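First up is the structure itself, then whatever we jot down about it.
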Amino acid sequence: MADFAAQLSKEIDTLEKTICRMAGTTFNLNSPRQLGQILFDVMKICEAPKKTKTGQYTTDEQTLAALAPDHEIVQRLLEHRTASKLKSTYADALPAAIWPRTGRVHTTYNQVMTTTGRLNSQNPNLQNIPIRSERGQEIRKAFVPRSSEYRLLSADYSQIELRIIAALSREPGLLEAFRTGVDVHTATAAKVYGVFLELVTPEMRRKAKMVNYGIAYGISAFGLSQRLGIPRKEAVEIIQQYFTQFPGIRKYMDDTMAFAREHGYVQTVTGRRRYIRDISSSNNTVRSAAERNAINAPIQGSAADMIKIAMINIHRELTGRKLKTRMLLQVHDELVFDLHTAEEKEVLPMVEEKMKTAITLDVPLV
DNA sequence: GTAATCACG
DNA sequence: ACGTACGTGATTACA
């Protein structure tokens, strides 16, 4: 990890020099305000720069990525951002968080912080360790089993929220997809675009996948168009087509909102409540946000209920059978264990079984 | 203390 | 015309 931090340091220094040379001035690259002024006031690389609600120039990744192809300085800035983030939040912070007494990092899980029933993790947060980028994965390599007798085991639910949507809505099309085991995003694409499964292109699947995620968030045409980088009109058509093909989902969403209006809360499969104060607000924006919360909370919250029950049952087995394997981390739909190698044949099936049977739904869990 | 940004599910 | 996907935490700048 120290090597990686040093490598990042070097890279950040070089990028800083290059960027300041291109800008013709030195400034604090970590200050979004200073950066916005350099790019948009001094260099004027954009006709009509977007601003945040406080009047500053927007310099987030999405904005910079759009400008990067035409401006090398912006490309370098994005590289600088990535390197700085990895160094400050992970490469420097994690070694500093090691407890002298144990030689390990220990996070704190809170059980009563989130609105949906998820756990959260802090000091340090071990639920947002990088994985998506190649260099982010360098950080993951620092996490190792306790000794050569152990291996790390990671077990995660496959598409848990979408399966919960299928079970709660009883939508036949979605249930069918999960029961037959076809790729659910491909199946969704086939329905939305009205083609055979074999004729679904990667592009169609990508869009259908975003729709499926969007459903769990209380989809909006604007949100979908932003995520997919498509015209809002196209997003409207995709969503309309989706609800035509999966009418049970629309009914479930309508019923959930009606329940929230009547009772003032929504609930998960175990009865965990989220109160939705603004569900009848006369302000469209406020009400719409409340409606999305009402849709999302039972889905995200039921998944949280499920994995918590699994954790309890797995812990009971590990202690009851006096196993050496230890449960280390929970990352929302994933459990990580320090697996004693000799216990593999016993622990793997047990973990899988407990995760699958934590809560019984009318949809297969994988 | 707040805003902006970005890491994760 | 407005302003929007859900849930989090850490870091940095800045008032």
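Labels for the structure tokens follow display order: chains A, B, ..., residues from 1 in each chain, ligands from 1.
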Could you tell me which residues of chain C sit within 6 Å of chain A when counting only C-alpha atoms (C1' of nucleotides), and give me the result as a PyMOL selection string? chain C and resi 5-6+13
Could the residues of chain B within 6 Å of chain A, counting only C-alpha atoms (C1' of nucleotides), be given as a list in words, please? DA7, DC8 and DG9 of chain B
Since we have the selection now, will you write its residues out, keeping C-alpha atoms (C1' of nucleotides), as a PDB file, in the first residue's frame?
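Result written to again_39.pdb:
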ATOM      1  C1'  DA B   7     -15.877   6.023  -3.563  1.00  0.00           C
ATOM      2  C1'  DC B   8     -19.374   1.968  -2.802  1.00  0.00           C
ATOM      3  C1'  DG B   9     -24.195  -0.937  -3.024  1.00  0.00           C
TER       4       DG B   9
END
